[in-house]
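Visitor: Below is final-v2.json; it holds JSON, C-alpha atoms.
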```json
[["chain", "number", "residue", "atom", "x", "y", "z"],
["A", 89, "GLY", "CA", -125.93, 76.76, -145.25],
["A", 90, "ALA", "CA", -129.52, 76.53, -144.06],
["A", 91, "PHE", "CA", -130.96, 74.99, -140.89],
["A", 92, "SER", "CA", -134.55, 73.85, -140.43],
["A", 93, "PHE", "CA", -135.59, 73.06, -136.86],
["A", 94, "GLY", "CA", -138.89, 71.23, -136.36],
["A", 95, "VAL", "CA", -139.55, 69.55, -139.69],
["A", 96, "GLU", "CA", -142.26, 67.10, -138.63],
["A", 97, "TYR", "CA", -143.92, 65.85, -141.81],
["A", 98, "HIS", "CA", -144.38, 69.16, -143.62],
["A", 99, "ASP", "CA", -141.08, 71.01, -144.09],
["A", 100, "LEU", "CA", -141.57, 72.59, -147.49],
["A", 101, "TRP", "CA", -139.24, 75.43, -146.38],
["A", 102, "SER", "CA", -136.20, 73.16, -146.85],
["A", 103, "LEU", "CA", -137.00, 72.47, -150.49],
["A", 104, "HIS", "CA", -137.80, 76.12, -151.19],
["A", 105, "ILE", "CA", -134.60, 77.40, -149.59],
["A", 106, "TYR", "CA", -132.53, 74.82, -151.45],
["A", 107, "LYS", "CA", -134.10, 75.82, -154.77],
["A", 108, "ALA", "CA", -133.71, 79.55, -154.04],
["A", 109, "LEU", "CA", -130.14, 79.51, -152.70],
["A", 110, "GLY", "CA", -128.70, 76.18, -153.76],
["A", 111, "ALA", "CA", -127.50, 75.89, -150.18],
["A", 112, "PRO", "CA", -127.20, 72.63, -148.25],
["A", 113, "VAL", "CA", -130.06, 72.26, -145.75],
["A", 114, "LYS", "CA", -129.69, 70.55, -142.38],
["A", 115, "GLN", "CA", -133.07, 69.37, -141.03],
["A", 116, "PHE", "CA", -133.61, 68.61, -137.33],
["A", 117, "ASP", "CA", -136.45, 66.99, -135.40],
["A", 118, "CYS", "CA", -136.22, 64.37, -132.63],
["A", 119, "THR", "CA", -139.97, 63.70, -132.75],
["A", 120, "VAL", "CA", -140.01, 62.01, -136.18],
["A", 121, "ASP", "CA", -137.87, 59.35, -137.85],
["A", 122, "ARG", "CA", -137.42, 61.14, -141.16],
["A", 123, "THR", "CA", -138.34, 64.33, -142.93],
["A", 124, "ALA", "CA", -141.25, 64.54, -145.34],
["A", 125, "MET", "CA", -139.38, 66.78, -147.76],
["A", 126, "ASP", "CA", -136.32, 65.38, -149.48],
["A", 127, "CYS", "CA", -134.12, 67.58, -151.58],
["A", 128, "PRO", "CA", -130.76, 66.94, -153.26],
["A", 129, "ALA", "CA", -128.72, 68.77, -150.62],
["A", 130, "CYS", "CA", -130.85, 68.11, -147.51],
["A", 131, "ARG", "CA", -129.67, 66.00, -144.62],
["A", 132, "PHE", "CA", -131.99, 64.94, -141.79],
["A", 133, "PHE", "CA", -130.87, 64.58, -138.17],
["A", 134, "LYS", "CA", -133.13, 62.94, -135.57],
["A", 135, "VAL", "CA", -131.99, 65.60, -133.11],
["A", 136, "CYS", "CA", -133.79, 68.41, -131.33],
["A", 137, "LEU", "CA", -132.40, 71.83, -130.56],
["A", 138, "ARG", "CA", -132.26, 72.72, -126.85],
["A", 139, "ALA", "CA", -131.15, 75.50, -124.55],
["A", 140, "HIS", "CA", -127.86, 75.07, -122.70],
["A", 141, "SER", "CA", -129.72, 74.88, -119.38],
["A", 142, "ASP", "CA", -132.38, 72.43, -120.60],
["A", 143, "SER", "CA", -132.07, 68.95, -119.13],
["A", 144, "SER", "CA", -135.67, 67.96, -119.83],
["A", 145, "MET", "CA", -134.97, 66.17, -123.11],
["A", 146, "VAL", "CA", -134.14, 62.89, -121.41],
["A", 147, "GLY", "CA", -134.20, 60.02, -123.87],
["A", 148, "GLU", "CA", -134.10, 62.29, -126.90],
["A", 149, "GLN", "CA", -131.02, 63.25, -128.85],
["A", 150, "SER", "CA", -130.61, 67.00, -128.39],
["A", 151, "TRP", "CA", -127.91, 69.55, -129.09],
["A", 152, "THR", "CA", -127.41, 73.20, -128.28],
["A", 153, "LEU", "CA", -127.00, 75.55, -131.23],
["A", 154, "ASP", "CA", -123.22, 75.63, -130.65],
["A", 155, "GLN", "CA", -123.04, 71.81, -130.62],
["A", 156, "LEU", "CA", -125.19, 71.64, -133.71],
["A", 157, "LEU", "CA", -122.90, 73.99, -135.66],
["A", 158, "ASN", "CA", -119.88, 71.91, -134.57],
["A", 159, "GLU", "CA", -121.53, 68.59, -135.48],
["A", 160, "THR", "CA", -122.53, 69.82, -138.96],
["A", 161, "GLY", "CA", -119.20, 71.49, -139.77],
["A", 162, "PHE", "CA", -120.52, 75.08, -139.68],
["A", 163, "HIS", "CA", -118.78, 76.21, -136.48],
["A", 164, "ASN", "CA", -116.39, 78.41, -138.52],
["A", 165, "ALA", "CA", -119.10, 79.84, -140.78],
["A", 166, "PRO", "CA", -118.63, 83.59, -141.26],
["A", 167, "ASP", "CA", -121.08, 85.93, -139.58],
["A", 168, "ARG", "CA", -124.33, 86.44, -141.50],
["A", 169, "SER", "CA", -123.70, 83.48, -143.82],
["A", 170, "LEU", "CA", -126.41, 81.05, -142.60],
["A", 171, "VAL", "CA", -130.23, 81.02, -142.56],
["A", 172, "MET", "CA", -132.55, 79.36, -140.06],
["A", 173, "LYS", "CA", -136.20, 78.30, -139.84],
["A", 174, "MET", "CA", -137.49, 77.34, -136.40],
["A", 175, "ASP", "CA", -140.84, 75.79, -135.46],
["A", 176, "ILE", "CA", -140.13, 73.89, -132.22],
["A", 177, "GLU", "CA", -143.31, 74.28, -130.17],
["A", 178, "ALA", "CA", -142.25, 76.82, -127.48],
["A", 179, "SER", "CA", -138.71, 75.45, -127.06],
["A", 180, "GLU", "CA", -137.51, 78.52, -128.98],
["A", 181, "TRP", "CA", -137.93, 80.82, -125.99],
["A", 182, "PRO", "CA", -135.32, 79.37, -123.57],
["A", 183, "ILE", "CA", -132.85, 78.92, -126.44],
["A", 184, "PHE", "CA", -132.96, 82.59, -127.41],
["A", 185, "ALA", "CA", -133.27, 83.76, -123.79],
["A", 186, "GLU", "CA", -129.81, 82.28, -123.12],
["A", 187, "MET", "CA", -128.20, 83.72, -126.25],
["A", 188, "LYS", "CA", -126.38, 86.66, -124.66],
["A", 189, "GLY", "CA", -122.72, 87.45, -124.17],
["A", 190, "PRO", "CA", -120.53, 84.88, -125.95],
["A", 191, "LEU", "CA", -123.55, 82.81, -126.98],
["A", 192, "GLY", "CA", -124.94, 85.83, -128.82],
["A", 193, "GLY", "CA", -122.03, 85.49, -131.23],
["A", 194, "THR", "CA", -123.50, 82.21, -132.41],
["A", 195, "LEU", "CA", -126.66, 84.03, -133.49],
["A", 196, "ARG", "CA", -124.61, 86.45, -135.58],
["A", 197, "LYS", "CA", -123.62, 83.56, -137.86],
["A", 198, "PHE", "CA", -127.19, 83.77, -139.20],
["A", 199, "GLN", "CA", -128.31, 86.37, -141.70],
["A", 200, "GLN", "CA", -132.00, 85.57, -141.34],
["A", 201, "ILE", "CA", -134.06, 83.66, -138.80],
["A", 202, "VAL", "CA", -137.69, 82.70, -139.44],
["A", 203, "ILE", "CA", -139.42, 81.71, -136.19],
["A", 204, "GLU", "CA", -142.89, 80.52, -135.32],
["A", 205, "PHE", "CA", -143.31, 81.63, -131.71],
["A", 206, "HIS", "CA", -145.55, 79.55, -129.44],
["A", 207, "GLY", "CA", -147.13, 79.91, -126.01],
["A", 208, "MET", "CA", -147.97, 83.60, -126.08],
["A", 209, "ARG", "CA", -150.86, 82.99, -123.66],
["A", 210, "MET", "CA", -148.47, 81.86, -120.88],
["A", 211, "ALA", "CA", -148.09, 85.22, -119.13],
["A", 212, "GLU", "CA", -145.87, 83.67, -116.45],
["A", 213, "LYS", "CA", -143.21, 83.16, -119.14],
["A", 214, "HIS", "CA", -143.33, 86.64, -120.61],
["A", 215, "GLY", "CA", -140.13, 87.63, -118.74],
["A", 216, "MET", "CA", -138.27, 84.86, -120.56],
["A", 217, "TYR", "CA", -139.89, 85.91, -123.85],
["A", 218, "LEU", "CA", -138.67, 89.48, -123.30],
["A", 219, "ALA", "CA", -135.12, 88.25, -122.63],
["A", 220, "ALA", "CA", -135.26, 86.17, -125.82],
["A", 221, "MET", "CA", -136.42, 89.12, -127.93],
["A", 222, "ARG", "CA", -133.79, 91.41, -126.41],
["A", 223, "ASN", "CA", -131.07, 88.91, -127.30],
["A", 224, "LEU", "CA", -132.33, 88.62, -130.86],
["A", 225, "PHE", "CA", -132.32, 92.42, -131.18],
["A", 226, "ALA", "CA", -128.83, 92.63, -129.61],
["A", 227, "ALA", "CA", -127.59, 90.14, -132.24],
["A", 228, "GLY", "CA", -128.84, 92.51, -134.96],
["A", 229, "PHE", "CA", -132.17, 90.93, -135.87],
["A", 230, "ARG", "CA", -135.40, 92.84, -136.46],
["A", 231, "VAL", "CA", -139.01, 91.73, -136.76],
["A", 232, "VAL", "CA", -140.23, 92.09, -140.34],
["A", 233, "HIS", "CA", -143.47, 90.12, -140.27],
["A", 234, "VAL", "CA", -145.92, 89.10, -137.57],
["A", 235, "HIS", "CA", -149.17, 87.18, -137.81],
["A", 236, "GLY", "CA", -151.29, 85.30, -135.32],
["A", 237, "ASN", "CA", -151.05, 81.55, -134.98],
["A", 238, "ASN", "CA", -154.59, 80.23, -135.46],
["A", 239, "HIS", "CA", -153.74, 77.03, -133.56],
["A", 240, "ASP", "CA", -152.75, 78.52, -130.20],
["A", 241, "GLY", "CA", -155.50, 81.08, -129.61],
["A", 242, "ASN", "CA", -155.14, 84.76, -128.78],
["A", 243, "PHE", "CA", -153.51, 86.34, -125.77],
["A", 244, "SER", "CA", -155.68, 88.74, -123.79],
["A", 245, "TYR", "CA", -154.70, 90.96, -120.91],
["A", 246, "GLY", "CA", -157.50, 92.96, -119.37],
["A", 247, "ASP", "CA", -159.06, 95.04, -122.13],
["A", 248, "TYR", "CA", -156.23, 94.19, -124.55],
["A", 249, "SER", "CA", -156.18, 91.27, -126.96]]
```
Could you spell out this file's structure in C-alpha cells?
Guide:
Amino acid sequence: GAFSFGVEYHDLWSLHIYKALGAPVKQFDCTVDRTAMDCPACRFFKVCLRAHSDSSMVGEQSWTLDQLLNETGFHNAPDRSLVMKMDIEASEWPIFAEMKGPLGGTLRKFQQIVIEFHGMRMAEKHGMYLAAMRNLFAAGFRVVHVHGNNHDGNFSYGDYS
C-alpha cells in the first residue's frame, strides 16, 4: 500500500506510484475537498495527519499515523511493506519527533518515505527537528536526496547558509 499526505490539487505522486507498483494509494488532506489526481486504486480521505500530542487541529478531521493505519486496514501490514509521501507544511516535524519507542515500530511498516521538510529557518524548532531525524534514523531510514525548497528561503546561521 501507498500513502500520500498533503495532496492539495497537485498529487501526481499517487498516479505514478500506482502505475509503478500497482499498489492501492490512500490520499489524505483536510485542507481540500477532493484530490486532483484520480487513479483506479486511489482513495481520498479529507483527513490530516497529526502528532499524538497535537490538539491544534480543532474543527478538522485528523488522525495519528497509528489511527490512520487502523482506519485504512493496514495496521497489520508487515514491516517494510508500505510507502509514504509527505508534504504537510511543517506538520511533519512533531509527528516524527514523537515516533520513538513503541511508536517507532509504526515507522518500520514503511519501506520508503519521501518527505518535503518545511520551516528550516525556524531555529527555535531545531531541537524538535533533530529529534525527528534521530527517530527516522532509529527506524532504519537514511537520507538519499536533499535539495532546497525554493518557496521557503534559505536558512543562515552566522557565516553559514
Visitor: Which protein, DNA or RNA residues are at most 12 Å from (-137.0, 71.7, -146.0) in the file's coordinates when you count only C-alpha atoms, listed as a VMD selection string?
Guide: chain A and resid 90 to 108 111 to 117 122 to 132 172 to 175
Visitor: Record the distance separating atom CA of Ile201 of chain A and atom CA of Glu159 of chain A, expressed in Å with one decimal.
Guide: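 Atom CA of Glu159 of chain A lies 19.9 Å from atom CA of Ile201 of chain A.
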Visitor: Skipping near chain neighbours, those fewer than 2 positions away, what residues fall within 12 Å of Ser179 of chain A using only C-alpha atoms, listed as number ranges by chain?
Guide: A: 93-94, 136-142, 144-145, 150, 152, 174-177, 181-186, 203-207, 213, 216-217, 220
Visitor: Need to verify the contact set: Phe229 of chain A, 12 Å, all atoms listed in the file, exclusion of same-chain residues closer than 6 positions in sequence. Can you return it as an MDAnalysis selection string?
Guide: chainID A and resid 168 184 192 195:203 220:223
Visitor: Quick one: of A:Ala227, A:Ala211, A:Leu153, A:Cys118, who's nearest to Glu180 of chain A, counting all atoms listed in the file?
Guide: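 Among the listed residues, A:Leu153 lies closest to Glu180 of chain A.
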